[in-house]
$ cat work.cif   # mmCIF, C-alpha atoms
data_protein
#
loop_
_atom_site.label_atom_id
_atom_site.label_comp_id
_atom_site.auth_asym_id
_atom_site.auth_seq_id
_atom_site.Cartn_x
_atom_site.Cartn_y
_atom_site.Cartn_z
CA MET A 1 -13.90 -15.51 -27.00
CA PRO A 2 -12.97 -12.17 -28.55
CA ALA A 3 -13.66 -11.94 -32.27
CA ASN A 4 -9.94 -11.74 -32.94
CA PRO A 5 -8.01 -14.22 -30.74
CA ASP A 6 -4.79 -12.31 -31.43
CA SER A 7 -6.22 -9.36 -29.49
CA ALA A 8 -6.52 -11.38 -26.27
CA VAL A 9 -3.78 -11.59 -23.65
CA ASN A 10 -1.35 -14.37 -24.52
CA PRO A 11 -2.09 -17.28 -22.14
CA GLU A 12 1.46 -18.55 -22.62
CA ILE A 13 2.84 -15.77 -20.39
CA GLN A 14 1.48 -17.64 -17.36
CA GLY A 15 4.52 -18.63 -15.32
CA ARG A 16 6.78 -16.05 -16.95
CA THR A 17 9.19 -14.20 -14.64
CA TYR A 18 10.79 -10.89 -15.63
CA PRO A 19 14.26 -9.69 -14.58
CA ALA A 20 14.57 -7.93 -11.22
CA THR A 21 13.99 -4.18 -11.45
CA GLU A 22 16.75 -1.65 -10.79
CA PRO A 23 17.22 -1.03 -7.05
CA TYR A 24 14.79 1.56 -5.64
CA LEU A 25 16.15 3.56 -2.71
CA VAL A 26 13.32 4.45 -0.32
CA GLY A 27 13.83 8.07 0.67
CA ARG A 28 12.51 9.70 3.85
CA GLU A 29 10.90 12.59 2.00
CA LYS A 30 9.32 10.20 -0.54
CA VAL A 31 7.75 8.22 2.31
CA ARG A 32 6.44 11.44 3.86
CA GLU A 33 5.16 12.71 0.52
CA PHE A 34 3.38 9.41 -0.17
CA ALA A 35 2.00 9.31 3.39
CA ARG A 36 0.47 12.78 3.00
CA ALA A 37 -0.95 11.77 -0.39
CA VAL A 38 -2.86 8.83 1.16
CA LEU A 39 -4.10 11.13 3.93
CA ALA A 40 -1.99 9.39 6.58
CA THR A 41 -1.57 11.04 9.95
CA SER A 42 0.56 8.39 11.65
CA PRO A 43 3.69 9.92 13.19
CA LEU A 44 5.51 6.66 12.36
CA SER A 45 5.33 7.64 8.68
CA LEU A 46 5.76 11.40 9.11
CA ASP A 47 8.10 11.99 12.04
CA PRO A 48 11.55 10.32 12.09
CA ALA A 49 11.82 10.84 15.86
CA ALA A 50 8.54 8.96 16.45
CA ALA A 51 9.70 6.10 14.21
CA GLN A 52 13.03 5.98 16.04
CA ALA A 53 11.26 5.91 19.40
CA ALA A 54 9.38 2.85 18.13
CA GLY A 55 12.69 1.16 17.32
CA PHE A 56 13.09 1.92 13.61
CA ALA A 57 15.97 3.63 11.85
CA ASP A 58 13.67 6.05 10.02
CA VAL A 59 10.06 6.63 8.94
CA ILE A 60 7.91 3.61 8.04
CA ALA A 61 6.15 3.51 4.69
CA PRO A 62 2.31 3.36 4.60
CA PRO A 63 0.82 -0.09 3.76
CA THR A 64 0.24 0.68 0.06
CA PHE A 65 3.63 2.32 -0.59
CA PRO A 66 5.04 -0.80 -2.35
CA VAL A 67 2.87 0.11 -5.35
CA VAL A 68 5.58 2.63 -6.24
CA VAL A 69 8.17 -0.16 -6.53
CA GLN A 70 5.75 -2.69 -8.02
CA GLU A 71 4.97 -0.20 -10.79
CA HIS A 72 8.43 -0.67 -12.29
CA SER A 73 7.87 -4.41 -12.57
CA LEU A 74 4.37 -4.03 -14.00
CA ALA A 75 5.83 -1.73 -16.67
CA GLN A 76 7.97 -4.66 -17.85
CA LEU A 77 4.88 -6.85 -18.24
CA LEU A 78 2.89 -4.16 -20.05
CA ALA A 79 5.81 -3.47 -22.40
CA ASP A 80 6.28 -7.16 -23.29
CA PRO A 81 4.98 -7.46 -26.88
CA GLU A 82 4.42 -11.20 -26.41
CA ALA A 83 2.01 -10.54 -23.52
CA ARG A 84 -0.33 -8.54 -25.82
CA ILE A 85 -1.77 -6.44 -22.98
CA ASP A 86 -3.47 -3.31 -24.34
CA PHE A 87 -3.01 -0.85 -21.46
CA SER A 88 -5.92 1.31 -22.65
CA ARG A 89 -8.19 -1.67 -21.88
CA VAL A 90 -6.76 -2.48 -18.46
CA VAL A 91 -8.87 -2.08 -15.32
CA HIS A 92 -7.40 -2.76 -11.89
CA GLY A 93 -9.41 -5.63 -10.38
CA ASP A 94 -7.76 -6.64 -7.12
CA GLN A 95 -4.70 -5.62 -5.15
CA ARG A 96 -2.89 -7.20 -2.24
CA PHE A 97 0.29 -6.59 -0.23
CA SER A 98 1.74 -9.38 1.93
CA TYR A 99 4.59 -8.30 4.17
CA SER A 100 7.45 -10.01 5.99
CA ARG A 101 8.40 -6.70 7.58
CA PRO A 102 7.49 -3.02 7.17
CA ILE A 103 9.38 -0.85 4.66
CA VAL A 104 11.67 1.67 6.36
CA ALA A 105 13.25 4.72 4.71
CA GLY A 106 16.77 3.74 3.67
CA ASP A 107 15.69 0.35 2.30
CA GLU A 108 16.94 -0.49 -1.17
CA LEU A 109 14.29 -2.59 -2.87
CA THR A 110 14.05 -4.61 -6.06
CA ALA A 111 10.93 -6.22 -7.50
CA THR A 112 10.73 -9.45 -9.49
CA LEU A 113 7.42 -10.02 -11.24
CA THR A 114 5.94 -13.40 -12.08
CA VAL A 115 2.71 -13.88 -14.01
CA THR A 116 0.88 -16.41 -11.85
CA SER A 117 -2.36 -16.68 -13.77
CA VAL A 118 -3.98 -15.76 -17.08
CA LYS A 119 -7.67 -16.55 -17.36
CA SER A 120 -10.32 -15.84 -19.93
CA LEU A 121 -13.72 -14.80 -18.64
CA GLY A 122 -16.61 -13.62 -20.79
CA GLY A 123 -14.40 -12.09 -23.48
CA ASN A 124 -12.13 -10.43 -20.92
CA SER A 125 -8.73 -11.59 -19.74
CA MET A 126 -7.75 -11.67 -16.07
CA VAL A 127 -4.02 -11.45 -15.46
CA THR A 128 -2.59 -11.96 -11.99
CA ALA A 129 0.97 -10.75 -11.41
CA GLU A 130 2.98 -11.17 -8.22
CA SER A 131 5.94 -8.87 -7.60
CA ALA A 132 8.27 -10.19 -4.92
CA ILE A 133 10.06 -7.23 -3.37
CA VAL A 134 13.34 -7.88 -1.54
CA ASP A 135 15.88 -5.69 0.25
CA ALA A 136 19.59 -5.22 -0.54
CA SER A 137 20.46 -8.43 1.33
CA GLY A 138 17.94 -10.36 -0.77
CA ALA A 139 15.56 -10.86 2.16
CA HIS A 140 11.85 -10.75 1.38
CA VAL A 141 10.06 -7.56 2.43
CA VAL A 142 6.67 -7.63 0.71
CA THR A 143 4.90 -9.24 -2.21
CA ALA A 144 2.56 -7.03 -4.24
CA ILE A 145 -0.15 -8.90 -6.12
CA SER A 146 -2.32 -7.29 -8.78
CA THR A 147 -5.14 -8.74 -10.82
CA LEU A 148 -5.65 -6.79 -14.01
CA VAL A 149 -8.83 -7.13 -16.04
CA VAL A 150 -8.14 -6.60 -19.74
CA ARG A 151 -11.37 -5.90 -21.59
CA GLY A 152 -11.83 -7.73 -24.88
CA GLU A 153 -12.59 -6.03 -28.18
CA ASP A 154 -15.94 -4.23 -28.19
CA MET B 1 -1.35 -3.01 27.08
CA SER B 2 -1.08 -3.77 23.41
CA THR B 3 -3.90 -2.75 21.10
CA LEU B 4 -3.81 -6.30 19.70
CA GLN B 5 -4.83 -7.93 22.98
CA ASN B 6 -8.40 -8.75 24.00
CA LEU B 7 -9.94 -8.07 20.61
CA GLU B 8 -13.35 -9.54 19.90
CA LYS B 9 -14.82 -10.49 16.55
CA GLY B 10 -17.36 -7.89 15.50
CA GLN B 11 -15.76 -5.10 17.51
CA VAL B 12 -15.58 -1.79 15.61
CA VAL B 13 -12.03 -0.48 16.10
CA ALA B 14 -12.09 2.62 13.92
CA GLU B 15 -14.36 4.79 11.80
CA ALA B 16 -13.49 7.78 9.67
CA THR B 17 -14.79 9.89 6.81
CA PHE B 18 -12.42 11.20 4.15
CA THR B 19 -13.20 14.16 1.92
CA LEU B 20 -11.55 14.04 -1.48
CA GLY B 21 -11.12 17.01 -3.77
CA ARG B 22 -9.46 17.23 -7.16
CA ASP B 23 -6.36 18.45 -5.33
CA THR B 24 -6.29 15.14 -3.45
CA LEU B 25 -6.16 13.30 -6.77
CA VAL B 26 -3.45 15.53 -8.21
CA ARG B 27 -1.35 15.09 -5.08
CA TYR B 28 -1.72 11.31 -5.24
CA ALA B 29 -0.84 11.33 -8.95
CA GLY B 30 2.40 13.13 -8.15
CA ALA B 31 3.32 10.98 -5.15
CA SER B 32 2.52 7.67 -6.83
CA GLY B 33 3.54 8.45 -10.41
CA ASP B 34 0.13 7.42 -11.78
CA PHE B 35 -0.65 10.21 -14.23
CA ASN B 36 -3.57 8.57 -16.02
CA PRO B 37 -5.63 11.64 -17.07
CA ILE B 38 -8.97 10.02 -16.11
CA HIS B 39 -7.94 11.05 -12.60
CA TYR B 40 -7.82 14.80 -13.31
CA ARG B 41 -9.31 15.63 -16.75
CA ASP B 42 -13.08 15.74 -17.21
CA ASP B 43 -12.83 15.70 -21.01
CA VAL B 44 -10.69 12.55 -21.03
CA ALA B 45 -12.93 10.82 -18.47
CA ALA B 46 -16.01 11.65 -20.59
CA SER B 47 -14.33 10.50 -23.81
CA VAL B 48 -13.88 6.98 -22.41
CA GLY B 49 -17.46 6.85 -21.12
CA LEU B 50 -16.85 7.48 -17.42
CA PRO B 51 -19.40 9.36 -15.30
CA GLY B 52 -16.69 11.81 -14.24
CA VAL B 53 -13.11 12.09 -13.00
CA LEU B 54 -12.36 9.10 -10.77
CA ALA B 55 -10.18 8.73 -7.70
CA HIS B 56 -7.26 6.34 -8.27
CA GLY B 57 -8.27 2.93 -6.90
CA MET B 58 -4.90 2.82 -5.16
CA LEU B 59 -5.63 6.17 -3.49
CA THR B 60 -8.86 4.79 -2.04
CA MET B 61 -7.05 1.62 -0.98
CA GLY B 62 -4.32 3.81 0.53
CA PHE B 63 -6.46 6.00 2.78
CA ALA B 64 -9.05 3.32 3.64
CA VAL B 65 -6.49 1.51 5.80
CA GLN B 66 -5.29 4.65 7.60
CA PRO B 67 -7.89 4.43 10.42
CA VAL B 68 -6.46 0.97 11.17
CA VAL B 69 -2.90 2.32 11.11
CA ASP B 70 -3.87 5.09 13.53
CA TRP B 71 -5.70 2.70 15.84
CA LEU B 72 -2.67 0.35 15.93
CA GLY B 73 -0.25 3.16 16.71
CA ALA B 74 3.18 1.75 17.60
CA ASP B 75 1.78 -1.62 18.73
CA GLY B 76 2.23 -3.34 15.38
CA TYR B 77 1.74 -3.00 11.65
CA VAL B 78 -0.50 -3.97 8.75
CA SER B 79 1.21 -7.15 7.52
CA ASP B 80 -1.33 -8.04 4.83
CA TYR B 81 -3.85 -5.87 3.03
CA GLN B 82 -6.12 -6.72 0.13
CA VAL B 83 -9.03 -5.10 -1.67
CA ARG B 84 -11.23 -5.61 -4.68
CA PHE B 85 -12.05 -2.50 -6.69
CA THR B 86 -15.80 -2.89 -7.02
CA ARG B 87 -17.02 0.60 -7.85
CA PRO B 88 -15.18 3.79 -8.86
CA VAL B 89 -15.29 6.92 -6.71
CA VAL B 90 -16.40 9.89 -8.83
CA VAL B 91 -14.88 13.17 -7.61
CA ASP B 92 -16.99 16.18 -8.52
CA PRO B 93 -14.90 19.28 -9.41
CA ALA B 94 -16.77 21.47 -6.92
CA GLU B 95 -18.27 19.09 -4.37
CA GLY B 96 -15.52 16.47 -4.27
CA ALA B 97 -16.41 13.10 -2.79
CA SER B 98 -16.90 11.74 0.70
CA VAL B 99 -15.79 8.21 1.57
CA THR B 100 -16.58 6.55 4.90
CA VAL B 101 -14.55 3.70 6.35
CA THR B 102 -15.66 1.37 9.15
CA ALA B 103 -13.07 -1.08 10.47
CA THR B 104 -14.36 -4.16 12.30
CA VAL B 105 -12.53 -7.14 13.79
CA GLY B 106 -13.22 -10.03 11.38
CA ALA B 107 -11.12 -12.70 13.07
CA VAL B 108 -8.76 -13.05 16.01
CA ASN B 109 -5.98 -15.52 15.23
CA ASP B 110 -3.99 -17.79 17.56
CA ASP B 111 -0.66 -16.35 16.37
CA GLY B 112 -1.36 -12.92 17.85
CA THR B 113 -2.60 -11.40 14.61
CA ALA B 114 -6.11 -10.24 13.79
CA ARG B 115 -8.04 -9.67 10.58
CA ILE B 116 -9.73 -6.30 10.31
CA ASP B 117 -12.53 -6.03 7.75
CA LEU B 118 -13.05 -2.65 6.15
CA LYS B 119 -16.39 -1.37 4.95
CA VAL B 120 -15.68 1.43 2.49
CA VAL B 121 -18.70 3.34 1.18
CA VAL B 122 -19.76 6.44 -0.72
CA GLY B 123 -23.27 7.09 0.54
CA GLU B 124 -24.81 3.62 0.64
CA GLN B 125 -22.59 2.17 -2.09
CA THR B 126 -19.61 -0.05 -1.35
CA VAL B 127 -16.56 1.03 -3.36
CA LEU B 128 -14.01 -1.53 -2.11
CA GLY B 129 -15.04 -5.17 -1.73
CA LYS B 130 -13.33 -7.97 0.18
CA SER B 131 -11.27 -5.32 1.91
CA GLN B 132 -9.22 -6.97 4.65
CA ALA B 133 -6.17 -5.92 6.65
CA VAL B 134 -4.20 -8.30 8.86
CA VAL B 135 -2.62 -6.57 11.83
CA SER B 136 0.46 -8.14 13.42
CA PRO B 137 2.99 -7.44 16.13
CA TRP B 138 6.25 -6.08 14.69
CA PRO B 139 8.45 -8.85 13.27
CA GLY B 140 10.91 -10.01 15.90
CA ALA B 141 8.89 -8.34 18.67
#

$ encode --input "work.cif" --output "structure tokens"
Amino acid sequence: MPANPDSAVNPEIQGRTYPATEPYLVGREKVREFARAVLATSPLSLDPAAAQAAGFADVIAPPTFPVVVQEHSLAQLLADPEARIDFSRVVHGDQRFSYSRPIVAGDELTATLTVTSVKSLGGNSMVTAESAIVDASGAHVVTAISTLVVRGED
Amino acid sequence: MSTLQNLEKGQVVAEATFTLGRDTLVRYAGASGDFNPIHYRDDVAASVGLPGVLAHGMLTMGFAVQPVVDWLGADGYVSDYQVRFTRPVVVDPAEGASVTVTATVGAVNDDGTARIDLKVVVGEQTVLGKSQAVVSPWPGA
């Protein structure tokens, strides 16, 4: 246990769901910019004609692109005073993306974050947050799952 | 014939080495919106006890799957991808860093999907643990 229990992440946030984020419109140039930034060379992410030849309306986002949308939902959690998460002590532990379909430029996405687990381990807290990302019709696109390790007081 | 057919467990499907410079980190910061200064400022990295400026974990996760994406081509997509951030990648201001990815078939599933296991190393040291990508035919295909 940390010396000061009030400095630990509040275990009562387990199960808490935050409001859906503002819609995020996935732009073609944003997908291409992100693809270049993760050293992608796939024409499906860089060349609209190649994506269209494969049957898509526009370029397809790289597998880790949802982090950009998830970020808006994680900001809600980190800003929640009741959660007591000190961002300067946060280390990214695990990350996962589980898709129902690929993200295509033109999608309008919203993320809804739920805290699925808060655990205490050796003075640190482990917070797992799942952001369900849906399109404009409400259909599931991808769920982004992060486990954050919040280091206890030194 | 689809890339996803006739896969065998243990088969190496892709290998690649990525060279990261500080410019790579700055570009990822801009594209992702993660402007934590430990990813571009030596003084800040040192002040919090790090051995140097680190690559964003999400950058490493992002490029480590690209050899799988390239191997798949238009035959399907990465429908599930997970990693554990086990060791940071230090990016030297002059020398940069070199990260090698080996993608191996970990499981072939009855539903037409396959699990690809990624070994992601700097030198001999693993930087991403439990790194797995599930490759699937396009939904509705």

$ residues_around --input "work.cif" --residues "Val141 in chain A" --least-positions-apart "5" --cutoff "10 Å" --atoms "all atoms listed in the file" --output "list in words"
Pro66, Ser98, Tyr99, Ser100, Arg101, Pro102, Ile103, Asp107, Leu109, Thr110, Ala132, Ile133, Val134 and Asp135 of chain A

$ closest_residue --input "work.cif" --among "A:Leu148, A:Val104, A:Leu39, A:Val68" --to "Leu20 in chain B" --atoms "only C-alpha atoms"
A:Leu39

$ atom_distance --input "work.cif" --atom1 "CA of Asp94 in chain A" --atom2 "CA of Gln66 in chain B"
18.7 Å

$ closest_atom_pairs --input "work.cif" --of "chain A" --to "chain B" --cutoff "9 Å" --atoms "all atoms listed in the file" --output "Markdown table"
| residue | atom | partner | partner_atom | distance |
| --- | --- | --- | --- | --- |
| A:Lys30 | CA | B:Ala31 | CA | 7.6 |
| A:Glu33 | CA | B:Ala31 | CA | 6.2 |
| A:Phe34 | CA | B:Ala31 | CA | 5.2 |
| A:Ala35 | CA | B:Ala31 | CA | 8.8 |
| A:Arg36 | CA | B:Arg27 | CA | 8.6 |
| A:Ala37 | CA | B:Tyr28 | CA | 4.9 |
| A:Val38 | CA | B:Phe63 | CA | 4.9 |
| A:Leu39 | CA | B:Phe63 | CA | 5.8 |
| A:Ala40 | CA | B:Gln66 | CA | 5.9 |
| A:Thr41 | CA | B:Asp70 | CA | 7.3 |
| A:Ser42 | CA | B:Asp70 | CA | 5.8 |
| A:Pro43 | CA | B:Gly73 | CA | 8.6 |
| A:Leu44 | CA | B:Ala74 | CA | 7.5 |
| A:Ala51 | CA | B:Ala74 | CA | 8.5 |
| A:Ala54 | CA | B:Ala74 | CA | 6.3 |
| A:Pro62 | CA | B:Gly62 | CA | 7.8 |
| A:Pro63 | CA | B:Val78 | CA | 6.5 |
| A:Thr64 | CA | B:Gly62 | CA | 5.6 |
| A:Phe65 | CA | B:Gly62 | CA | 8.2 |
| A:Val67 | CA | B:Ser32 | CA | 7.7 |
| A:Val68 | CA | B:Ser32 | CA | 5.9 |
| A:Glu71 | CA | B:Gly33 | CA | 8.8 |
| A:His92 | CA | B:Phe85 | CA | 7.0 |
| A:Gly93 | CA | B:Phe85 | CA | 5.5 |
| A:Asp94 | CA | B:Arg84 | CA | 4.4 |
| A:Gln95 | CA | B:Gln82 | CA | 5.6 |
| A:Arg96 | CA | B:Gln82 | CA | 4.0 |
| A:Phe97 | CA | B:Tyr81 | CA | 5.3 |
| A:Ser98 | CA | B:Asp80 | CA | 4.4 |
| A:Tyr99 | CA | B:Ser79 | CA | 4.9 |
| A:Ser100 | CA | B:Ser79 | CA | 7.0 |
| A:Arg101 | CA | B:Pro139 | CA | 6.1 |
| A:Pro102 | CA | B:Tyr77 | CA | 7.3 |
| A:Val142 | CA | B:Ser79 | CA | 8.7 |
| A:Ile145 | CA | B:Gln82 | CA | 8.9 |

$ resolve_selection --input "work.cif" --expression "the PyMOL selection byres ((chain B and resi 96) around 8)" --output "VMD selection string"
chain B and resid 19 to 22 91 to 95 97 to 98

$ closest_residue --input "work.cif" --among "A:Val91, A:Ala144, A:Val118, A:Ile13" --to "Arg87 in chain B" --atoms "all atoms listed in the file"
A:Val91

$ resolve_selection --input "work.cif" --expression "the PyMOL selection byres ((chain A and resi 82) around 8)" --output "PyMOL selection string"
chain A and resi 10+13+80-81+83-84

$ resolve_selection --input "work.cif" --expression "the PyMOL selection byres ((chain B and resi 90) around 8)" --output "PDB file with C-alpha atoms, in the coordinates of the input"
ATOM      1  CA  PRO B  51     -19.400   9.360 -15.300  1.00  0.00           C
ATOM      2  CA  GLY B  52     -16.690  11.810 -14.240  1.00  0.00           C
ATOM      3  CA  VAL B  53     -13.110  12.090 -13.000  1.00  0.00           C
ATOM      4  CA  LEU B  54     -12.360   9.100 -10.770  1.00  0.00           C
ATOM      5  CA  ALA B  55     -10.180   8.730  -7.700  1.00  0.00           C
ATOM      6  CA  PRO B  88     -15.180   3.790  -8.860  1.00  0.00           C
ATOM      7  CA  VAL B  89     -15.290   6.920  -6.710  1.00  0.00           C
ATOM      8  CA  VAL B  91     -14.880  13.170  -7.610  1.00  0.00           C
ATOM      9  CA  ASP B  92     -16.990  16.180  -8.520  1.00  0.00           C
ATOM     10  CA  ALA B  97     -16.410  13.100  -2.790  1.00  0.00           C
TER      11      ALA B  97
END
